[in-house]
Amino acid sequence: MKSLVLRALSLILLASMIVPKLNAQITTLASVFAPVPFLPNSTIIPIPGSTINYTHVMFDHPPVDKAVLYGFYLTEQSDKGISTEWKLTDSTTSTLMNVLKFGKSYQWHYTALNARNKVIFTSPDYKFSIVALPANSRVRVVTNEKDKNQGGYISFDYHCMIADRNGNPIWILPEEPKKEYTRDDRVRDIRVTSAGTITFITNRNAFEVMPDGRISWRGPKSGPATVEALHHGVERLPNGNLMTLGNHTVRMPVPFDTAIVPVEFGVVVEYDRKGSIVWKWDSYSYLRPAEIEFRKLSSGQWNSSSHMNAFRQTTENGIVYVYAGFRDLDRLVKIEKSSSKVVGTYGTQMNSGYGWKYNNLFHAQHDVCPLRDGNIAVFNNDSLTRDGVISSLVIFNPVNSALVFRMTCEAKGETDGKSEKCGGVDELPNGNLLVNCGNVNRTFELDANHKVVWDAYTEYAPSDTSGWKPAGQYRSHYCASLYPVWFTTNIVNTTKKMVTMKIWNEGDNADKYTIQYMVGKSWITLSSVEVQPYKSTTAMIPRVKGVVFSKIKVISEANPDFFRTLDVVE
């Protein structure tokens, strides 16, 4: 009977009324690794009675049978009752509201209307609140040319927040109930991923979380001796794995001395969703002893750190490369990922002459960003002990090592531009560059003409109420919204011969969705269908007499942890 089901299912799947070519397969439930669901364990979102940590809220509720439209009713509560209310309609079971405020309480409910515009269901009232903002941090925007900058939102990691282009926070890092991470853990490198999750690293571990703070992935708490102390950054890769930096130490003799000291070697490491290492590159196999500069600190102790502090994976002409940066060696390396071989080296020439392209354009740098035009951008902290040196954005040509562009971080009346640590640069979707100046509390965006089209300063208020003070950040990143991935689905018609369903893509990015049907204890998997942002698709699956389809599951390809399961009513 199972073969009959597969044969029937392979006949029809209409996506936007187009029949795609199918590949059906059986996966037994026992062999499926259960993911951490992206959606909370609640049929109502936000969870009734909860306190959430973001103001751009995707409201979500179950579908109602025979409903073609939903009414949405939201009120802001105050001590004196209702202060603001919103009423609107939605054709799906999710409604995005981006006008809510921190420190406020809300109440909402929904209604379902049938084809005759008659209310057939009214939900109870659901209440929730939004946390109050920390009063000691802010983002002060001095330039915001909306027609020329990328728009969207920017993360400020030491502030533990994501803010709009006017400096208004829309998301802050929540306090994790088990204290696996806290806002006081030196949170760094906050990014909204293409999967709709948020990644960051603390002084204890690397994390990927849902916007509400539930942990989706964490770095291994212990690992092999060659990967210790995850640090500096973490990024979700296109394949869903997580890449970060680690290090390990090797005891080595100091040249012309009797001392033996621990030498730190950086490691770029890629983990799968289970925390297993699937790829790593260890600088111990690359750096020659002559390139390790042993120098004494003012305390008299030996320091021999190369201090790997940056990585970036990219694809060039179909080949995957990983760039890694060593602050204390003034060096960037380009690694061919498939072979783990260094195929390019940029920066200051080393003692051994192993540098291939040395140009002396940057020193003590803190980031590397390969650009789409083939050049490379670096945030150049530079040698601040020298008079007149100012930290800068540096863009150079990797072919001839020539300087393409340089811009310093100074700003009249604001900062001298000297950033000892931190900082970063990203290329935005429109080709502009987002530059975070690290210890200098400035973050700005440059257009193609190298004009500043957005400029902001991060500040904090000390407890002594002495006024706002500069507050440097670690790095900043851009995101279009908190919802690059979001979809809803519903069975719109069931007959003895056919199950008809719709999928609505409510995220900002195109996505593909895999439809699975449960027969007995097995899932029957059909090939995925693609849906553009804010569009829908229809899928029609034939039924086979005598075979019970008890459940349907729809899974996002962009984020496989985001899935919805529907009951099939006979």
# chains A, B, ... in the order shown; residues from 1 in each chain; ligands from 1
$ residues_around --residues "A:Gly152" --least-positions-apart "4" --cutoff "8 Å" --atoms "only C-alpha atoms" --output "PyMOL selection string"
chain A and resi 164-165+478-481
$ write_last_selection --atoms "C-alpha atoms" --output "PDB file, in the first residue's frame"
ATOM      1  CA  ASP A 164      16.674  51.366  13.709  1.00  0.00           C
ATOM      2  CA  ARG A 165      18.374  54.105  11.702  1.00  0.00           C
ATOM      3  CA  TYR A 478      23.077  45.137   9.281  1.00  0.00           C
ATOM      4  CA  CYS A 479      19.774  43.295   9.003  1.00  0.00           C
ATOM      5  CA  ALA A 480      16.696  44.056   6.914  1.00  0.00           C
ATOM      6  CA  SER A 481      14.355  42.972   9.715  1.00  0.00           C
TER       7      SER A 481
END
$ residues_around --residues "A:Tyr158" --least-positions-apart "2" --cutoff "12 Å" --atoms "only C-alpha atoms" --output "ChimeraX atom specification"
/A:137-139,155-156,160-162,172-173,182-190,200-202,422-423,438-439,441,458-460,471-476
$ closest_residue --among "A:Gln516, A:Lys551, A:Pro484, A:Lys221" --to "A:Gly196" --atoms "only C-alpha atoms"
A:Pro484
$ closest_residue --among "A:Lys274, A:Arg191, A:Arg543, A:Lys512" --to "A:Pro560" --atoms "only C-alpha atoms"
A:Lys512
$ select_by_dssp --residues "stretch 38-143 of chain A" --states "strand (DSSP E)" --output "ChimeraX atom specification"
/A:51-52,57-60,69-78,81-90,94-97,105-113,119-122,126-130,137-143
$ atom_distance --atom1 "atom CA of A:Asp455" --atom2 "atom CA of A:Gln150"
12.4 Å
